[in-house]
Amino acid sequence: MSMPKEQLIVFYDGNCPFCVGWVKFLLDRDGHDRLRFASLDSAWSDRFFKEQNLKNPGKESIVVWDGEFIQQRSAATMAIAEALPGVWQLGRHMDIFPKGFRDGTYDWVAQNRYKWFGKYDTCWVPKAQDRRKFLDLEASPVQDPTHGSQAVDDPSPQ
């Protein structure tokens, strides 16, 4: 896949309210328009991982692709932090903590996120102005919910 070097693809669990909340946080702070997104369980993501000769990592980790390399878990969050403007770039310095500690903390949150935040029955659909940033929506545009689609814009967790 060809993409501008300065862009990152962030793969996330589209059924997880915590993960979707993280994506919404990133959308609001992506001042340099560097981030693109795809749900890990989308057909687009399956095709992407096959084309790159990579195993789909499943929904246990956020995954970042920089055009050359895959980053997961705490390394993915540091790569995302580096792409954000301003104070958020401080997150890239999480490497002051040992990788085992960073990834262990990440794994603990990942294992408990459904228990703490629940799970969406259907994948979250971003607001119309943000859809261009979602690669898994390009191939199959989402209909406007006011015109007969069952999709719901920006559902909030129960």
# chains A, B, ... in the order shown; residues from 1 in each chain; ligands from 1
>>> select_by_dssp(residues="range 27-109 of chain A", states="strand (DSSP E or B)", output="PyMOL selection string")
chain A and resi 35-39+63-65+70-72
>>> residues_around(residues="Thr77 in chain A", least_positions_apart="4", cutoff="8 Å", atoms="only C-alpha atoms", output="ChimeraX atom specification")
/A:62,72-73,81,91-92
>>> residues_around(residues="range 39-53 of chain A", least_positions_apart="2", cutoff="9 Å", atoms="only C-alpha atoms", output="JSON, numbers by chain")
{"A": [1, 10, 11, 12, 13, 14, 15, 37, 55, 56, 57, 58, 59, 62, 63, 123, 134, 135, 136, 137, 139]}
>>> write_last_selection(atoms="N, CA, C and O atoms", output="PDB file, in the first residue's frame")
ATOM      1  N   MET A   1       0.839  -1.173   0.000  1.00  0.00           N
ATOM      2  CA  MET A   1       0.000   0.000   0.000  1.00  0.00           C
ATOM      3  C   MET A   1       0.881   1.231   0.000  1.00  0.00           C
ATOM      4  O   MET A   1       1.793   1.353   0.783  1.00  0.00           O
ATOM      5  N   VAL A  10      -4.161   3.852  11.846  1.00  0.00           N
ATOM      6  CA  VAL A  10      -4.449   3.350  13.177  1.00  0.00           C
ATOM      7  C   VAL A  10      -5.584   2.335  13.051  1.00  0.00           C
ATOM      8  O   VAL A  10      -6.689   2.687  12.636  1.00  0.00           O
ATOM      9  N   PHE A  11      -5.286   1.082  13.387  1.00  0.00           N
ATOM     10  CA  PHE A  11      -6.286   0.017  13.382  1.00  0.00           C
ATOM     11  C   PHE A  11      -6.800  -0.137  14.811  1.00  0.00           C
ATOM     12  O   PHE A  11      -6.006  -0.215  15.748  1.00  0.00           O
ATOM     13  N   TYR A  12      -8.109  -0.205  14.969  1.00  0.00           N
ATOM     14  CA  TYR A  12      -8.711  -0.220  16.308  1.00  0.00           C
ATOM     15  C   TYR A  12      -9.888  -1.186  16.338  1.00  0.00           C
ATOM     16  O   TYR A  12     -10.400  -1.612  15.302  1.00  0.00           O
ATOM     17  N   ASP A  13     -10.341  -1.518  17.546  1.00  0.00           N
ATOM     18  CA  ASP A  13     -11.495  -2.382  17.757  1.00  0.00           C
ATOM     19  C   ASP A  13     -12.751  -1.527  17.667  1.00  0.00           C
ATOM     20  O   ASP A  13     -13.048  -0.757  18.582  1.00  0.00           O
ATOM     21  N   GLY A  14     -13.480  -1.642  16.574  1.00  0.00           N
ATOM     22  CA  GLY A  14     -14.652  -0.814  16.326  1.00  0.00           C
ATOM     23  C   GLY A  14     -15.853  -1.123  17.201  1.00  0.00           C
ATOM     24  O   GLY A  14     -16.806  -0.346  17.232  1.00  0.00           O
ATOM     25  N   ASN A  15     -15.833  -2.237  17.929  1.00  0.00           N
ATOM     26  CA  ASN A  15     -16.938  -2.583  18.813  1.00  0.00           C
ATOM     27  C   ASN A  15     -16.666  -2.200  20.268  1.00  0.00           C
ATOM     28  O   ASN A  15     -17.483  -2.447  21.128  1.00  0.00           O
ATOM     29  N   PHE A  37      -7.727   5.823   9.823  1.00  0.00           N
ATOM     30  CA  PHE A  37      -8.240   4.802  10.725  1.00  0.00           C
ATOM     31  C   PHE A  37      -8.909   3.673   9.954  1.00  0.00           C
ATOM     32  O   PHE A  37      -9.424   3.872   8.856  1.00  0.00           O
ATOM     33  N   LYS A  55      -0.025 -11.169   9.469  1.00  0.00           N
ATOM     34  CA  LYS A  55      -1.140 -11.800  10.168  1.00  0.00           C
ATOM     35  C   LYS A  55      -1.983 -10.706  10.811  1.00  0.00           C
ATOM     36  O   LYS A  55      -1.445  -9.795  11.433  1.00  0.00           O
ATOM     37  N   ASN A  56      -3.300 -10.782  10.635  1.00  0.00           N
ATOM     38  CA  ASN A  56      -4.180  -9.834  11.301  1.00  0.00           C
ATOM     39  C   ASN A  56      -4.039 -10.065  12.801  1.00  0.00           C
ATOM     40  O   ASN A  56      -4.252 -11.162  13.289  1.00  0.00           O
ATOM     41  N   PRO A  57      -3.656  -9.024  13.549  1.00  0.00           N
ATOM     42  CA  PRO A  57      -3.377  -9.203  14.974  1.00  0.00           C
ATOM     43  C   PRO A  57      -4.607  -9.400  15.852  1.00  0.00           C
ATOM     44  O   PRO A  57      -4.481  -9.638  17.042  1.00  0.00           O
ATOM     45  N   GLY A  58      -5.790  -9.327  15.276  1.00  0.00           N
ATOM     46  CA  GLY A  58      -6.995  -9.456  16.080  1.00  0.00           C
ATOM     47  C   GLY A  58      -7.277  -8.162  16.815  1.00  0.00           C
ATOM     48  O   GLY A  58      -6.651  -7.136  16.563  1.00  0.00           O
ATOM     49  N   LYS A  59      -8.212  -8.221  17.761  1.00  0.00           N
ATOM     50  CA  LYS A  59      -8.665  -6.994  18.403  1.00  0.00           C
ATOM     51  C   LYS A  59      -8.049  -6.774  19.784  1.00  0.00           C
ATOM     52  O   LYS A  59      -8.513  -5.958  20.542  1.00  0.00           O
ATOM     53  N   ILE A  62      -4.184  -2.153  19.753  1.00  0.00           N
ATOM     54  CA  ILE A  62      -4.201  -1.107  18.747  1.00  0.00           C
ATOM     55  C   ILE A  62      -2.979  -1.353  17.862  1.00  0.00           C
ATOM     56  O   ILE A  62      -1.939  -1.805  18.337  1.00  0.00           O
ATOM     57  N   VAL A  63      -3.129  -1.118  16.580  1.00  0.00           N
ATOM     58  CA  VAL A  63      -2.058  -1.391  15.626  1.00  0.00           C
ATOM     59  C   VAL A  63      -1.844  -0.130  14.793  1.00  0.00           C
ATOM     60  O   VAL A  63      -2.809   0.513  14.380  1.00  0.00           O
ATOM     61  N   CYS A 123     -20.566  -1.797  14.829  1.00  0.00           N
ATOM     62  CA  CYS A 123     -19.429  -0.880  14.759  1.00  0.00           C
ATOM     63  C   CYS A 123     -19.901   0.563  14.759  1.00  0.00           C
ATOM     64  O   CYS A 123     -20.907   0.906  14.145  1.00  0.00           O
ATOM     65  N   PHE A 134     -11.348   7.524   7.447  1.00  0.00           N
ATOM     66  CA  PHE A 134     -11.576   6.109   7.729  1.00  0.00           C
ATOM     67  C   PHE A 134     -11.472   5.306   6.446  1.00  0.00           C
ATOM     68  O   PHE A 134     -12.361   5.347   5.602  1.00  0.00           O
ATOM     69  N   LEU A 135     -10.382   4.612   6.311  1.00  0.00           N
ATOM     70  CA  LEU A 135     -10.079   3.890   5.069  1.00  0.00           C
ATOM     71  C   LEU A 135     -11.055   2.764   4.799  1.00  0.00           C
ATOM     72  O   LEU A 135     -11.328   2.446   3.647  1.00  0.00           O
ATOM     73  N   ASP A 136     -11.584   2.150   5.837  1.00  0.00           N
ATOM     74  CA  ASP A 136     -12.526   1.056   5.650  1.00  0.00           C
ATOM     75  C   ASP A 136     -13.904   1.544   5.231  1.00  0.00           C
ATOM     76  O   ASP A 136     -14.756   0.763   4.862  1.00  0.00           O
ATOM     77  N   LEU A 137     -14.123   2.854   5.219  1.00  0.00           N
ATOM     78  CA  LEU A 137     -15.390   3.408   4.746  1.00  0.00           C
ATOM     79  C   LEU A 137     -15.313   3.882   3.307  1.00  0.00           C
ATOM     80  O   LEU A 137     -16.329   4.118   2.685  1.00  0.00           O
ATOM     81  N   ALA A 139     -14.319   2.260   0.604  1.00  0.00           N
ATOM     82  CA  ALA A 139     -14.778   1.260  -0.359  1.00  0.00           C
ATOM     83  C   ALA A 139     -16.290   1.083  -0.317  1.00  0.00           C
ATOM     84  O   ALA A 139     -16.891   0.741  -1.304  1.00  0.00           O
TER      85      ALA A 139
END
>>> closest_atom_pairs(of="range 42-95 of chain A", to="range 99-106 of chain A", cutoff="8 Å", atoms="only C-alpha atoms", output="tab-separated table")
residue	atom	partner	partner_atom	distance
A:Arg73	CA	A:Asp103	CA	6.1
A:Ser74	CA	A:Asp103	CA	5.6
A:Met94	CA	A:Arg102	CA	7.7
A:Asp95	CA	A:Lys99	CA	7.0
>>> residues_around(residues="Gly21 in chain A", least_positions_apart="3", cutoff="12 Å", atoms="only C-alpha atoms", output="list in words")
Tyr12, Asp13, Gly14, Asn15, Cys16, Pro17, Phe18, Lys24, Phe25, Leu26, Leu27, Asp28, Arg113, Phe117, Tyr120, Trp124, Pro126, Asp154, Pro155, Ser156 and Pro157 of chain A
